[in-house]
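The file data_38.cif contains mmCIF, C-alpha atoms and all ligand atoms:
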data_data
#
loop_
_atom_site.label_atom_id
_atom_site.label_comp_id
_atom_site.auth_asym_id
_atom_site.auth_seq_id
_atom_site.Cartn_x
_atom_site.Cartn_y
_atom_site.Cartn_z
CA MET A 1 226.59 121.95 141.86
CA ALA A 2 223.37 122.59 139.98
CA LEU A 3 224.01 126.20 138.92
CA THR A 4 227.51 125.60 137.57
CA ASP A 5 226.27 122.49 135.74
CA GLU A 6 223.55 124.62 134.22
CA LEU A 7 226.13 127.18 133.15
CA GLU A 8 228.34 124.45 131.72
CA GLY A 9 225.33 123.17 129.72
CA LEU A 10 224.53 126.69 128.44
CA ARG A 11 228.17 127.22 127.52
CA SER A 12 228.60 124.02 125.53
CA ASP A 13 225.18 124.44 123.91
CA THR A 14 226.12 128.02 122.86
CA LEU A 15 229.53 126.98 121.50
CA GLU A 16 227.79 124.36 119.41
CA ARG A 17 225.29 126.92 118.05
CA VAL A 18 228.17 129.26 117.25
CA ALA A 19 229.98 126.54 115.36
CA ARG A 20 226.83 125.73 113.40
CA ALA A 21 225.97 129.34 112.46
CA GLU A 22 226.23 129.55 108.70
CA ASP A 23 226.28 133.28 108.18
CA LEU A 24 226.96 136.48 110.04
CA ALA A 25 223.26 137.19 110.58
CA SER A 26 222.53 133.88 112.34
CA LEU A 27 225.77 134.25 114.34
CA ASP A 28 224.52 137.60 115.57
CA GLU A 29 221.22 136.02 116.59
CA VAL A 30 223.17 133.63 118.83
CA ARG A 31 225.12 136.55 120.33
CA VAL A 32 221.95 138.51 121.13
CA ALA A 33 220.21 135.43 122.60
CA VAL A 34 223.12 134.55 124.90
CA ILE A 35 225.14 137.63 125.81
CA GLY A 36 222.85 140.40 124.58
CA LYS A 37 221.07 142.73 127.06
CA SER A 38 218.45 140.13 127.92
CA GLY A 39 220.46 137.10 126.82
CA THR A 40 220.41 133.85 128.76
CA LEU A 41 223.96 134.20 130.09
CA THR A 42 223.50 137.88 130.87
CA SER A 43 220.50 137.02 133.02
CA TYR A 44 222.78 134.92 135.31
CA LEU A 45 224.92 138.00 135.90
CA ARG A 46 221.84 140.10 136.56
CA ASN A 47 220.51 137.59 139.06
CA MET A 48 223.74 137.16 141.05
CA GLY A 49 221.96 138.85 143.97
CA ASN A 50 219.76 135.78 144.34
CA VAL A 51 222.69 133.41 144.59
CA ALA A 52 223.65 132.26 148.05
CA LYS A 53 226.52 134.35 149.39
CA GLU A 54 228.97 131.45 149.78
CA GLU A 55 228.38 130.31 146.19
CA ARG A 56 228.51 133.75 144.63
CA ALA A 57 232.27 133.84 143.98
CA GLU A 58 232.33 130.47 142.32
CA VAL A 59 229.19 131.10 140.23
CA GLY A 60 230.47 134.56 139.24
CA LYS A 61 233.72 133.04 138.07
CA ALA A 62 231.89 130.36 136.11
CA VAL A 63 229.57 132.95 134.45
CA ASN A 64 232.53 135.14 133.46
CA ALA A 65 234.49 132.16 132.14
CA ALA A 66 231.44 131.06 130.11
CA ARG A 67 230.95 134.62 128.79
CA GLN A 68 234.64 134.83 127.82
CA ALA A 69 234.48 131.44 126.04
CA VAL A 70 231.32 132.46 124.17
CA GLU A 71 232.81 135.82 123.15
CA ASP A 72 236.02 134.13 121.93
CA ALA A 73 234.04 131.56 119.95
CA LEU A 74 231.83 134.29 118.44
CA GLU A 75 234.87 136.28 117.40
CA THR A 76 236.61 133.31 115.81
CA ARG A 77 233.47 132.27 113.95
CA ARG A 78 232.77 135.85 112.86
CA THR A 79 236.24 136.05 111.28
CA GLU A 80 235.71 132.74 109.51
CA LEU A 81 232.27 133.67 108.17
CA ALA A 82 233.39 137.14 107.07
CA ALA A 83 236.25 135.62 105.11
CA ALA A 84 233.90 133.05 103.53
CA GLU A 85 231.39 135.76 102.58
CA LEU A 86 234.12 137.90 101.01
CA ASP A 87 235.32 134.85 99.13
CA ALA A 88 231.81 134.17 97.83
CA ARG A 89 231.42 137.80 96.73
CA ILE A 90 234.74 137.66 94.87
CA GLN A 91 233.75 134.40 93.21
CA ALA A 92 230.39 135.82 92.13
CA GLY A 93 231.95 138.95 90.64
CA ALA A 94 234.87 137.15 89.03
CA VAL A 95 235.52 137.65 85.32
CA ASP A 96 236.53 134.59 83.41
CA ILE A 97 239.81 135.48 81.76
CA THR A 98 240.65 131.98 80.68
CA LEU A 99 239.19 132.52 77.15
CA PRO A 100 241.64 133.44 74.41
CA GLY A 101 241.86 137.24 73.94
CA ARG A 102 240.23 138.87 70.94
CA ALA A 103 242.87 140.02 68.50
CA GLN A 104 242.86 143.72 67.59
CA GLN A 105 242.07 144.28 63.95
CA MET A 106 245.09 145.45 62.04
CA GLY A 107 244.67 148.33 59.63
CA SER A 108 245.93 148.01 56.09
CA ARG A 109 247.12 150.38 53.39
CA HIS A 110 244.38 151.72 51.14
CA LEU A 111 244.38 150.11 47.71
CA ILE A 112 245.18 153.44 46.04
CA ASN A 113 248.24 154.03 48.24
CA ARG A 114 249.39 150.49 47.52
CA MET A 115 248.98 151.08 43.78
CA ILE A 116 250.98 154.32 44.04
CA ASP A 117 253.80 152.46 45.83
CA GLU A 118 253.68 149.71 43.24
CA LEU A 119 253.85 152.18 40.34
CA ASN A 120 256.64 154.20 42.01
CA ASP A 121 258.61 150.98 42.46
CA ILE A 122 258.28 150.06 38.78
CA PHE A 123 259.60 153.48 37.71
CA LEU A 124 262.32 153.59 40.38
CA GLY A 125 263.48 150.30 38.88
CA LEU A 126 263.81 152.09 35.51
CA GLY A 127 265.96 154.82 37.10
CA TYR A 128 263.23 157.46 37.38
CA THR A 129 262.88 159.81 40.37
CA VAL A 130 259.57 160.21 42.24
CA GLU A 131 258.47 163.81 42.77
CA SER A 132 255.62 165.35 44.74
CA GLY A 133 253.56 168.02 43.03
CA PHE A 134 251.15 170.73 44.17
CA GLU A 135 247.43 170.04 44.53
CA VAL A 136 246.69 173.76 44.42
CA GLU A 137 248.18 175.16 41.24
CA THR A 138 247.99 178.30 39.20
CA ASP A 139 246.28 178.40 35.86
CA TYR A 140 249.73 178.79 34.25
CA TYR A 141 251.07 175.40 35.45
CA ASN A 142 247.83 173.48 34.99
CA PHE A 143 246.99 174.85 31.52
CA THR A 144 249.00 177.68 29.92
CA ALA A 145 252.49 176.17 30.18
CA LEU A 146 250.99 172.93 28.86
CA ASN A 147 250.10 174.64 25.62
CA ALA A 148 246.51 175.49 26.56
CA PRO A 149 246.32 179.29 26.79
CA ALA A 150 243.15 181.02 28.00
CA ASP A 151 240.14 180.18 25.80
CA HIS A 152 241.91 177.15 24.33
CA PRO A 153 239.14 174.60 23.65
CA SER A 154 241.07 171.79 25.39
CA ARG A 155 240.39 173.49 28.74
CA SER A 156 236.78 172.46 28.58
CA MET A 157 237.89 168.78 28.48
CA GLN A 158 238.47 169.13 32.22
CA ASP A 159 235.94 171.07 34.26
CA THR A 160 237.87 172.93 36.89
CA PHE A 161 237.39 173.98 40.53
CA TYR A 162 238.74 177.51 40.84
CA VAL A 163 239.81 178.91 44.19
CA LYS A 164 237.94 182.11 44.86
CA ASP A 165 240.17 185.04 45.66
CA LEU A 166 238.20 186.99 48.25
CA SER A 167 240.47 190.04 47.97
CA GLY A 168 238.80 190.58 44.61
CA ASP A 169 241.77 192.05 42.79
CA ALA A 170 243.48 188.93 41.37
CA ALA A 171 243.73 188.42 37.63
CA SER A 172 240.30 187.14 36.79
CA VAL A 173 239.66 183.90 34.92
CA ARG A 174 235.96 183.21 34.37
CA GLY A 175 235.22 185.72 37.06
CA GLU A 176 237.35 183.82 39.56
CA SER A 177 241.06 183.79 40.43
CA ASP A 178 243.85 182.06 38.51
CA VAL A 179 244.39 179.67 41.43
CA LEU A 180 242.77 176.26 41.05
CA LEU A 181 242.65 172.67 42.27
CA ARG A 182 244.74 170.92 39.64
CA THR A 183 242.74 168.89 37.14
CA GLN A 184 245.78 166.81 36.14
CA THR A 185 249.25 166.02 37.49
CA SER A 186 250.76 167.31 34.23
CA GLY A 187 251.76 170.60 35.91
CA ALA A 188 254.50 168.62 37.68
CA GLN A 189 256.18 168.32 34.25
CA VAL A 190 256.46 172.09 33.98
CA HIS A 191 257.93 172.44 37.48
CA ALA A 192 260.47 169.71 36.70
CA MET A 193 261.51 171.32 33.40
CA GLU A 194 261.82 174.77 34.98
CA ASP A 195 263.71 173.65 38.08
CA TRP A 196 265.99 170.84 37.06
CA GLU A 197 269.09 170.02 35.15
CA LEU A 198 268.58 167.79 32.10
CA PRO A 199 268.11 164.94 31.44
CA ILE A 200 264.83 164.34 33.30
CA TYR A 201 263.36 160.90 34.06
CA MET A 202 260.62 161.38 36.63
CA VAL A 203 257.15 160.37 37.80
CA SER A 204 254.87 162.37 40.06
CA PRO A 205 251.80 160.75 41.64
CA GLY A 206 249.02 162.64 43.40
CA LYS A 207 245.44 163.79 43.76
CA VAL A 208 243.54 165.72 41.10
CA TYR A 209 240.08 167.33 41.10
CA ARG A 210 237.38 167.80 38.48
CA ARG A 211 233.83 169.10 38.53
CA ASP A 212 232.39 165.69 37.75
CA VAL A 213 229.46 163.83 39.26
CA ALA A 214 230.62 160.52 40.75
CA ASP A 215 229.47 157.48 38.81
CA PRO A 216 230.91 153.96 38.35
CA SER A 217 233.72 155.26 36.12
CA HIS A 218 234.17 158.92 37.23
CA LEU A 219 235.13 160.55 40.51
CA PRO A 220 235.34 164.28 41.27
CA GLN A 221 238.57 163.58 43.15
CA PHE A 222 240.99 160.91 42.02
CA HIS A 223 244.69 160.17 41.52
CA GLN A 224 247.04 160.25 38.59
CA ILE A 225 250.69 159.45 38.11
CA GLU A 226 252.45 161.71 35.67
CA GLY A 227 255.62 160.74 33.85
CA LEU A 228 258.14 162.86 31.98
CA VAL A 229 261.33 162.02 30.13
CA VAL A 230 263.44 164.73 28.49
CA ASP A 231 266.79 163.75 27.02
CA LYS A 232 268.71 163.87 23.77
CA GLY A 233 267.41 161.60 21.02
CA ILE A 234 264.20 160.38 22.73
CA THR A 235 261.75 158.89 20.20
CA PHE A 236 258.21 157.54 20.08
CA GLY A 237 259.83 154.07 20.16
CA ASP A 238 261.20 154.84 23.65
CA LEU A 239 257.73 155.90 24.74
CA LYS A 240 256.08 152.78 23.37
CA GLY A 241 258.71 150.39 24.75
CA THR A 242 258.60 152.00 28.19
CA LEU A 243 254.81 151.95 28.48
CA GLU A 244 254.47 148.40 27.16
CA TYR A 245 257.00 147.28 29.77
CA VAL A 246 255.15 149.20 32.52
CA CYS A 247 251.74 147.80 31.55
CA ARG A 248 253.08 144.23 31.69
CA ALA A 249 254.72 144.98 35.05
CA ILE A 250 251.36 146.18 36.40
CA PHE A 251 248.90 143.78 34.82
CA GLY A 252 250.99 140.68 34.12
CA PRO A 253 252.22 139.24 30.81
CA ASP A 254 248.78 138.07 29.63
CA ARG A 255 247.08 141.44 29.27
CA ARG A 256 247.40 143.00 25.82
CA THR A 257 247.89 146.73 25.20
CA ARG A 258 247.10 148.94 22.22
CA PHE A 259 247.99 152.52 21.30
CA ARG A 260 245.26 154.73 19.80
CA ALA A 261 245.89 158.13 18.23
CA HIS A 262 244.44 160.90 20.40
CA TYR A 263 244.80 164.60 21.12
CA PHE A 264 246.39 166.35 24.09
CA PRO A 265 247.49 169.99 23.85
CA PHE A 266 250.92 169.34 25.36
CA THR A 267 251.99 166.36 23.23
CA GLU A 268 252.38 165.82 19.50
CA PRO A 269 251.77 163.13 18.41
CA SER A 270 249.51 161.95 21.25
CA ALA A 271 248.02 158.57 22.02
CA GLU A 272 245.79 156.79 24.47
CA VAL A 273 246.74 153.33 25.69
CA ASP A 274 244.14 150.63 26.35
CA VAL A 275 244.58 147.26 28.06
CA SER A 276 242.47 144.25 27.26
CA CYS A 277 239.49 143.86 29.60
CA ALA A 278 240.15 141.35 32.37
CA VAL A 279 236.46 140.88 33.18
CA CYS A 280 235.57 139.42 29.77
CA GLY A 281 239.08 138.63 28.50
CA GLY A 282 238.49 140.93 25.52
CA GLU A 283 235.15 139.43 24.44
CA GLY A 284 233.16 142.56 25.34
CA CYS A 285 231.13 143.20 28.49
CA ARG A 286 229.48 145.98 30.50
CA MET A 287 232.81 146.92 32.15
CA CYS A 288 234.54 147.62 28.78
CA LYS A 289 231.34 148.95 27.16
CA HIS A 290 231.47 145.92 24.85
CA THR A 291 234.74 146.97 23.19
CA GLY A 292 237.05 144.44 24.91
CA TRP A 293 239.43 147.31 25.78
CA LEU A 294 239.81 149.69 28.73
CA GLU A 295 241.58 153.01 28.50
CA ILE A 296 244.26 153.50 31.17
CA LEU A 297 246.56 156.32 30.15
CA GLY A 298 247.28 159.23 27.88
CA CYS A 299 250.72 159.87 26.44
CA GLY A 300 252.71 161.48 23.67
CA MET A 301 255.90 163.20 22.57
CA VAL A 302 256.31 166.49 24.45
CA ASP A 303 255.21 169.32 22.14
CA PRO A 304 258.24 171.48 21.16
CA ASN A 305 256.23 174.51 22.23
CA VAL A 306 255.95 173.10 25.77
CA LEU A 307 259.71 172.47 25.93
CA ARG A 308 260.39 176.00 24.70
CA MET A 309 258.01 177.63 27.23
CA SER A 310 259.98 175.96 30.04
CA GLY A 311 263.33 177.07 28.64
CA ILE A 312 264.41 173.84 26.88
CA ASP A 313 265.71 173.92 23.31
CA PRO A 314 263.59 171.48 21.24
CA GLU A 315 266.33 171.38 18.60
CA VAL A 316 268.62 169.65 21.13
CA TYR A 317 266.23 167.80 23.41
CA SER A 318 263.10 165.75 22.93
CA GLY A 319 260.90 163.90 25.37
CA PHE A 320 257.80 161.92 26.07
CA ALA A 321 255.15 162.22 28.77
CA PHE A 322 252.32 160.12 30.07
CA GLY A 323 249.57 160.16 32.69
CA PHE A 324 247.79 157.18 34.28
CA GLY A 325 244.55 157.31 36.24
CA ILE A 326 245.43 155.33 39.36
CA GLU A 327 241.85 154.42 40.38
CA ARG A 328 241.39 153.08 36.88
CA VAL A 329 244.57 150.99 37.08
CA ALA A 330 243.46 149.62 40.48
CA ALA A 331 239.96 148.87 39.15
CA LEU A 332 241.32 147.09 36.09
CA LYS A 333 243.88 145.10 38.03
CA TYR A 334 241.45 143.95 40.73
CA ASN A 335 238.17 144.06 38.78
CA VAL A 336 236.56 146.74 40.94
CA PRO A 337 233.20 147.32 39.23
CA ASP A 338 232.55 150.82 40.61
CA LEU A 339 235.23 153.46 41.31
CA ARG A 340 233.08 154.98 44.07
CA MET A 341 233.95 151.95 46.23
CA LEU A 342 237.48 153.36 46.43
CA LEU A 343 236.18 156.52 48.12
CA GLU A 344 233.61 155.07 50.47
CA GLY A 345 235.81 153.56 53.20
CA ASP A 346 233.77 150.35 53.55
CA MET A 347 236.16 148.06 55.43
CA ARG A 348 234.55 144.89 54.05
CA PHE A 349 235.71 145.98 50.61
CA LEU A 350 239.02 147.62 51.54
CA ARG A 351 240.29 144.79 53.75
CA GLN A 352 240.51 142.47 50.76
CA PHE A 353 243.60 144.16 49.41
N1 LIG B 1 246.78 164.92 31.77
C1 LIG B 1 246.05 164.00 30.95
C2 LIG B 1 244.67 163.79 31.52
O1 LIG B 1 244.46 164.12 32.67
C3 LIG B 1 246.76 162.68 30.87
C4 LIG B 1 248.01 162.79 30.07
C5 LIG B 1 247.94 162.62 28.70
C6 LIG B 1 249.21 163.12 30.67
C7 LIG B 1 249.07 162.72 27.93
C8 LIG B 1 250.35 163.22 29.89
C9 LIG B 1 250.26 163.02 28.52
O2 LIG B 1 251.53 163.54 30.40
O3 LIG B 1 251.39 163.12 27.78
O4 LIG B 1 243.80 163.34 30.83
#

Just give me the structure of the file as structure tokens.
Amino acid sequence: MALTDELEGLRSDTLERVARAEDLASLDEVRVAVIGKSGTLTSYLRNMGNVAKEERAEVGKAVNAARQAVEDALETRRTELAAAELDARIQAGAVDITLPGRAQQMGSRHLINRMIDELNDIFLGLGYTVESGFEVETDYYNFTALNAPADHPSRSMQDTFYVKDLSGDAASVRGESDVLLRTQTSGAQVHAMEDWELPIYMVSPGKVYRRDVADPSHLPQFHQIEGLVVDKGITFGDLKGTLEYVCRAIFGPDRRTRFRAHYFPFTEPSAEVDVSCAVCGGEGCRMCKHTGWLEILGCGMVDPNVLRMSGIDPEVYSGFAFGFGIERVAALKYNVPDLRMLLEGDMRFLRQF
């Protein structure tokens, strides 16, 4: 029958177009054209009135069957295309995680902290204890008990940051209070002598402060390690032997050391120790100001007056003391040309150590 053949043709033609639709938009065009309000298949339903009565049932059945088949095919294809489009979107947005990951940068200890550990270890190996001191001290511990009473000329060797007492009624030193940022770790000696049983073999590393302008060889804030030995029968020979051993432990057996007479208020006799310059090997260069030597520490036999002020009988006990500048030791060991690099936090420099 012509009408059912026509419907069969429309049906198979539509199923083919559905199968060929490549995206959801073109699939929808097929739907509108065939089963939309004025679609080709819909128009058969609309025109059923024109079909001869005896054929109506059969044609109606065929139209409905065709409509059902088209709807099923549209649904199946829609599911397929939606899945493919989702897939494509996922592919397009995908992040390639097949590359090796970037390693996190590890931090490292600051050179100064490493030097402090290294120095502590050397002294621990000699049987010394390691003590912490106070960065904020009183004038008594930083100066007076170290044999530098008020107006003693040695005080001007170290320009001091005083802590202002805002209450205004503290004992006044230079118009300020007697509380200060320590200029040297030597105050730790006084605390040790006051607080401890004898004998004493100790070092005390830490930060110190001075009113200095930063330049290649000075910093307004730096570190020292203080040492103190008080025992019976301690001589300058013990001091010299100990410090020569320590300098070799720090700098290696090739660096030479020399002792130069010097003055410190709390030691008598006093000396400064130099090591040979590693930059020029002792020939003389800018680093060592053309002397071939670099000063690294001050030392001496503890002045009897200092022992007495802290309650120790100098007739029974004697001792020696020393103080290293840690930035200086680090600079000399690793040839750092400018101490300010140790304060600046530039990772390109710091990561080398
Ligand atoms: N406190 C001195 C300074 O800052 C260094 C020093 C010298 C410490 C001699 C000592 C010492 O204990 O005996 O320059």

Using all atoms listed in the file, which residues of the polymer chains come no farther than 9 Å from ligand LIG 1 (chain B)? I'd like the answer as a PDB file with C-alpha atoms, in the coordinates of the input.
ATOM      1  CA  MET A 157     237.890 168.780  28.480  1.00  0.00           C
ATOM      2  CA  GLN A 158     238.470 169.130  32.220  1.00  0.00           C
ATOM      3  CA  THR A 183     242.740 168.890  37.140  1.00  0.00           C
ATOM      4  CA  GLN A 184     245.780 166.810  36.140  1.00  0.00           C
ATOM      5  CA  THR A 185     249.250 166.020  37.490  1.00  0.00           C
ATOM      6  CA  SER A 186     250.760 167.310  34.230  1.00  0.00           C
ATOM      7  CA  GLY A 187     251.760 170.600  35.910  1.00  0.00           C
ATOM      8  CA  GLN A 189     256.180 168.320  34.250  1.00  0.00           C
ATOM      9  CA  VAL A 208     243.540 165.720  41.100  1.00  0.00           C
ATOM     10  CA  GLN A 224     247.040 160.250  38.590  1.00  0.00           C
ATOM     11  CA  ILE A 225     250.690 159.450  38.110  1.00  0.00           C
ATOM     12  CA  GLU A 226     252.450 161.710  35.670  1.00  0.00           C
ATOM     13  CA  GLY A 227     255.620 160.740  33.850  1.00  0.00           C
ATOM     14  CA  LEU A 228     258.140 162.860  31.980  1.00  0.00           C
ATOM     15  CA  TYR A 263     244.800 164.600  21.120  1.00  0.00           C
ATOM     16  CA  PHE A 264     246.390 166.350  24.090  1.00  0.00           C
ATOM     17  CA  PRO A 265     247.490 169.990  23.850  1.00  0.00           C
ATOM     18  CA  PHE A 266     250.920 169.340  25.360  1.00  0.00           C
ATOM     19  CA  THR A 267     251.990 166.360  23.230  1.00  0.00           C
ATOM     20  CA  GLU A 268     252.380 165.820  19.500  1.00  0.00           C
ATOM     21  CA  SER A 270     249.510 161.950  21.250  1.00  0.00           C
ATOM     22  CA  ALA A 271     248.020 158.570  22.020  1.00  0.00           C
ATOM     23  CA  GLU A 272     245.790 156.790  24.470  1.00  0.00           C
ATOM     24  CA  LEU A 297     246.560 156.320  30.150  1.00  0.00           C
ATOM     25  CA  GLY A 298     247.280 159.230  27.880  1.00  0.00           C
ATOM     26  CA  CYS A 299     250.720 159.870  26.440  1.00  0.00           C
ATOM     27  CA  GLY A 300     252.710 161.480  23.670  1.00  0.00           C
ATOM     28  CA  MET A 301     255.900 163.200  22.570  1.00  0.00           C
ATOM     29  CA  VAL A 302     256.310 166.490  24.450  1.00  0.00           C
ATOM     30  CA  PHE A 320     257.800 161.920  26.070  1.00  0.00           C
ATOM     31  CA  ALA A 321     255.150 162.220  28.770  1.00  0.00           C
ATOM     32  CA  PHE A 322     252.320 160.120  30.070  1.00  0.00           C
ATOM     33  CA  GLY A 323     249.570 160.160  32.690  1.00  0.00           C
ATOM     34  CA  PHE A 324     247.790 157.180  34.280  1.00  0.00           C
ATOM     35  CA  GLY A 325     244.550 157.310  36.240  1.00  0.00           C
TER      36      GLY A 325
END

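Using all atoms listed in the file, the nearest neighbour of Asn305 (chain A) within the list A:Tyr334, A:His223, A:Asn147, A:Val203 is A:Asn147.
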
So which residues touch region 116-119 of chain A within 8 Å, counting only C-alpha atoms, skipping near sequence neighbours fewer than 6 positions away, as a compact mmCIF listing (two decimals) with C-alpha atoms, in the coordinates of the input?
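For reference, out.txt as written:
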# COMPACT_ATOMS: atom_id res chain seq x y z
CA PRO A 205 251.80 160.75 41.64
CA ILE A 225 250.69 159.45 38.11
CA ILE A 250 251.36 146.18 36.40
CA ILE A 326 245.43 155.33 39.36

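Residues within 10 Å of Asn335 (chain A), counting only C-alpha atoms and excluding same-chain residues fewer than 2 positions away, are Cys277, Ala278, Val279, Met287, Arg328, Val329, Ala330, Ala331, Leu332, Lys333, Pro337 and Asp338 of chain A.
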
Which residues of region 15-53 of chain A have any atom within 10 Å of an atom in region 78-97 of chain A when counting all atoms listed in the file, and what is the closest pair of atoms for each, with the distance in Å to one decimal? Order the rows by chain and rising number and write it as JSON lines.
{"residue": "A:Val18", "atom": "CA", "partner": "A:Arg78", "partner_atom": "CA", "distance": 9.2}
{"residue": "A:Ala21", "atom": "CA", "partner": "A:Leu81", "partner_atom": "CA", "distance": 8.8}
{"residue": "A:Glu22", "atom": "CA", "partner": "A:Leu81", "partner_atom": "CA", "distance": 7.3}
{"residue": "A:Asp23", "atom": "CA", "partner": "A:Leu81", "partner_atom": "CA", "distance": 6.0}
{"residue": "A:Leu24", "atom": "CA", "partner": "A:Leu81", "partner_atom": "CA", "distance": 6.3}
{"residue": "A:Ala25", "atom": "CA", "partner": "A:Arg78", "partner_atom": "CA", "distance": 9.9}
{"residue": "A:Leu27", "atom": "CA", "partner": "A:Arg78", "partner_atom": "CA", "distance": 7.3}
{"residue": "A:Asp28", "atom": "CA", "partner": "A:Arg78", "partner_atom": "CA", "distance": 8.9}

Export of prior selection with C-alpha atoms as a compact mmCIF listing (two decimals), in the frame of the given file:
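That gives us selection.txt:
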# COMPACT_ATOMS: atom_id res chain seq x y z
CA VAL A 18 228.17 129.26 117.25
CA ALA A 21 225.97 129.34 112.46
CA GLU A 22 226.23 129.55 108.70
CA ASP A 23 226.28 133.28 108.18
CA LEU A 24 226.96 136.48 110.04
CA ALA A 25 223.26 137.19 110.58
CA LEU A 27 225.77 134.25 114.34
CA ASP A 28 224.52 137.60 115.57

Quick one: distance from CA of Phe161 (chain A) to CA of Ser204 (chain A) in Å, one decimal?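 For CA of Phe161 (chain A) relative to CA of Ser204 (chain A), the distance reads 21.0 Å.
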
Next item on the list: Might you pull out every residue within 7 Å of Glu295 (chain A), with all atoms listed in the file counted and same-chain residues fewer than 3 positions away left off, and present them as a list in words?
Entry: Glu272, Val273, Asp274 and Val275 of chain A

Review point. For the atom pair CA of Thr160 (chain A) and CA of Leu294 (chain A), what is the interatomic distance in Å to one decimal place?
Key: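 Those two atoms sit 24.7 Å apart.
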
List the spatial neighbours of Gln352 (chain A) as a PDB file with C-alpha atoms, keeping the file's coordinate frame - criterion: any atom at most 12 Å away, all atoms listed in the file, same-chain residues fewer than 5 positions off excluded.
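Heads up, here's the output in out24.pdb:
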ATOM      1  CA  GLY A 107     244.670 148.330  59.630  1.00  0.00           C
ATOM      2  CA  SER A 108     245.930 148.010  56.090  1.00  0.00           C
ATOM      3  CA  ARG A 109     247.120 150.380  53.390  1.00  0.00           C
ATOM      4  CA  HIS A 110     244.380 151.720  51.140  1.00  0.00           C
ATOM      5  CA  LEU A 111     244.380 150.110  47.710  1.00  0.00           C
ATOM      6  CA  TYR A 334     241.450 143.950  40.730  1.00  0.00           C
ATOM      7  CA  VAL A 336     236.560 146.740  40.940  1.00  0.00           C
ATOM      8  CA  ASP A 346     233.770 150.350  53.550  1.00  0.00           C
ATOM      9  CA  MET A 347     236.160 148.060  55.430  1.00  0.00           C
TER      10      MET A 347
END

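Going from CA of Met341 (chain A) over to CA of Leu219 (chain A), you cover 10.4 Å.
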
Do you know which residues are at most 12 Å from Thr40 (chain A) counting all atoms listed in the file, after dropping those on the same chain fewer than 3 positions away, and could you put them as a PDB file with C-alpha atoms, keeping the file's coordinate frame?
ATOM      1  CA  GLU A   6     223.550 124.620 134.220  1.00  0.00           C
ATOM      2  CA  LEU A   7     226.130 127.180 133.150  1.00  0.00           C
ATOM      3  CA  GLY A   9     225.330 123.170 129.720  1.00  0.00           C
ATOM      4  CA  LEU A  10     224.530 126.690 128.440  1.00  0.00           C
ATOM      5  CA  ARG A  11     228.170 127.220 127.520  1.00  0.00           C
ATOM      6  CA  ASP A  13     225.180 124.440 123.910  1.00  0.00           C
ATOM      7  CA  THR A  14     226.120 128.020 122.860  1.00  0.00           C
ATOM      8  CA  VAL A  30     223.170 133.630 118.830  1.00  0.00           C
ATOM      9  CA  ARG A  31     225.120 136.550 120.330  1.00  0.00           C
ATOM     10  CA  VAL A  32     221.950 138.510 121.130  1.00  0.00           C
ATOM     11  CA  ALA A  33     220.210 135.430 122.600  1.00  0.00           C
ATOM     12  CA  VAL A  34     223.120 134.550 124.900  1.00  0.00           C
ATOM     13  CA  ILE A  35     225.140 137.630 125.810  1.00  0.00           C
ATOM     14  CA  GLY A  36     222.850 140.400 124.580  1.00  0.00           C
ATOM     15  CA  LYS A  37     221.070 142.730 127.060  1.00  0.00           C
ATOM     16  CA  SER A  43     220.500 137.020 133.020  1.00  0.00           C
ATOM     17  CA  TYR A  44     222.780 134.920 135.310  1.00  0.00           C
ATOM     18  CA  LEU A  45     224.920 138.000 135.900  1.00  0.00           C
ATOM     19  CA  ARG A  46     221.840 140.100 136.560  1.00  0.00           C
ATOM     20  CA  ASN A  47     220.510 137.590 139.060  1.00  0.00           C
ATOM     21  CA  VAL A  63     229.570 132.950 134.450  1.00  0.00           C
ATOM     22  CA  ALA A  66     231.440 131.060 130.110  1.00  0.00           C
ATOM     23  CA  ARG A  67     230.950 134.620 128.790  1.00  0.00           C
ATOM     24  CA  VAL A  70     231.320 132.460 124.170  1.00  0.00           C
TER      25      VAL A  70
END

* Considering only C-alpha atoms, state which residue in the set A:Glu244, A:Glu8, A:Glu16, A:Glu135 is at the smallest distance from Arg210 (chain A). =>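 That would be A:Glu135, the residue with the smallest distance to Arg210 (chain A).
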
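Minimum atom-to-atom distance to Pro199 (chain A), evaluated using all atoms listed in the file, belongs to A:Lys232 out of A:Arg211, A:Arg17, A:Arg182, A:Lys232.
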
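Proximity to Asn142 (chain A) was assessed for A:Glu55, A:Asp178, A:Asp254, A:Glu197 counting only C-alpha atoms; the smallest distance is recorded for A:Asp178.
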
- [ ] Compare A:Gly233, A:Gln105, A:Ser38, A:Thr242 by their minimum atom-to-atom distance to Val316 (chain A), counting all atoms listed in the file, and give me the closest one.
- [x]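 Checking each of A:Gly233, A:Gln105, A:Ser38, A:Thr242 against Val316 (chain A), counting all atoms listed in the file, the winner is A:Gly233.
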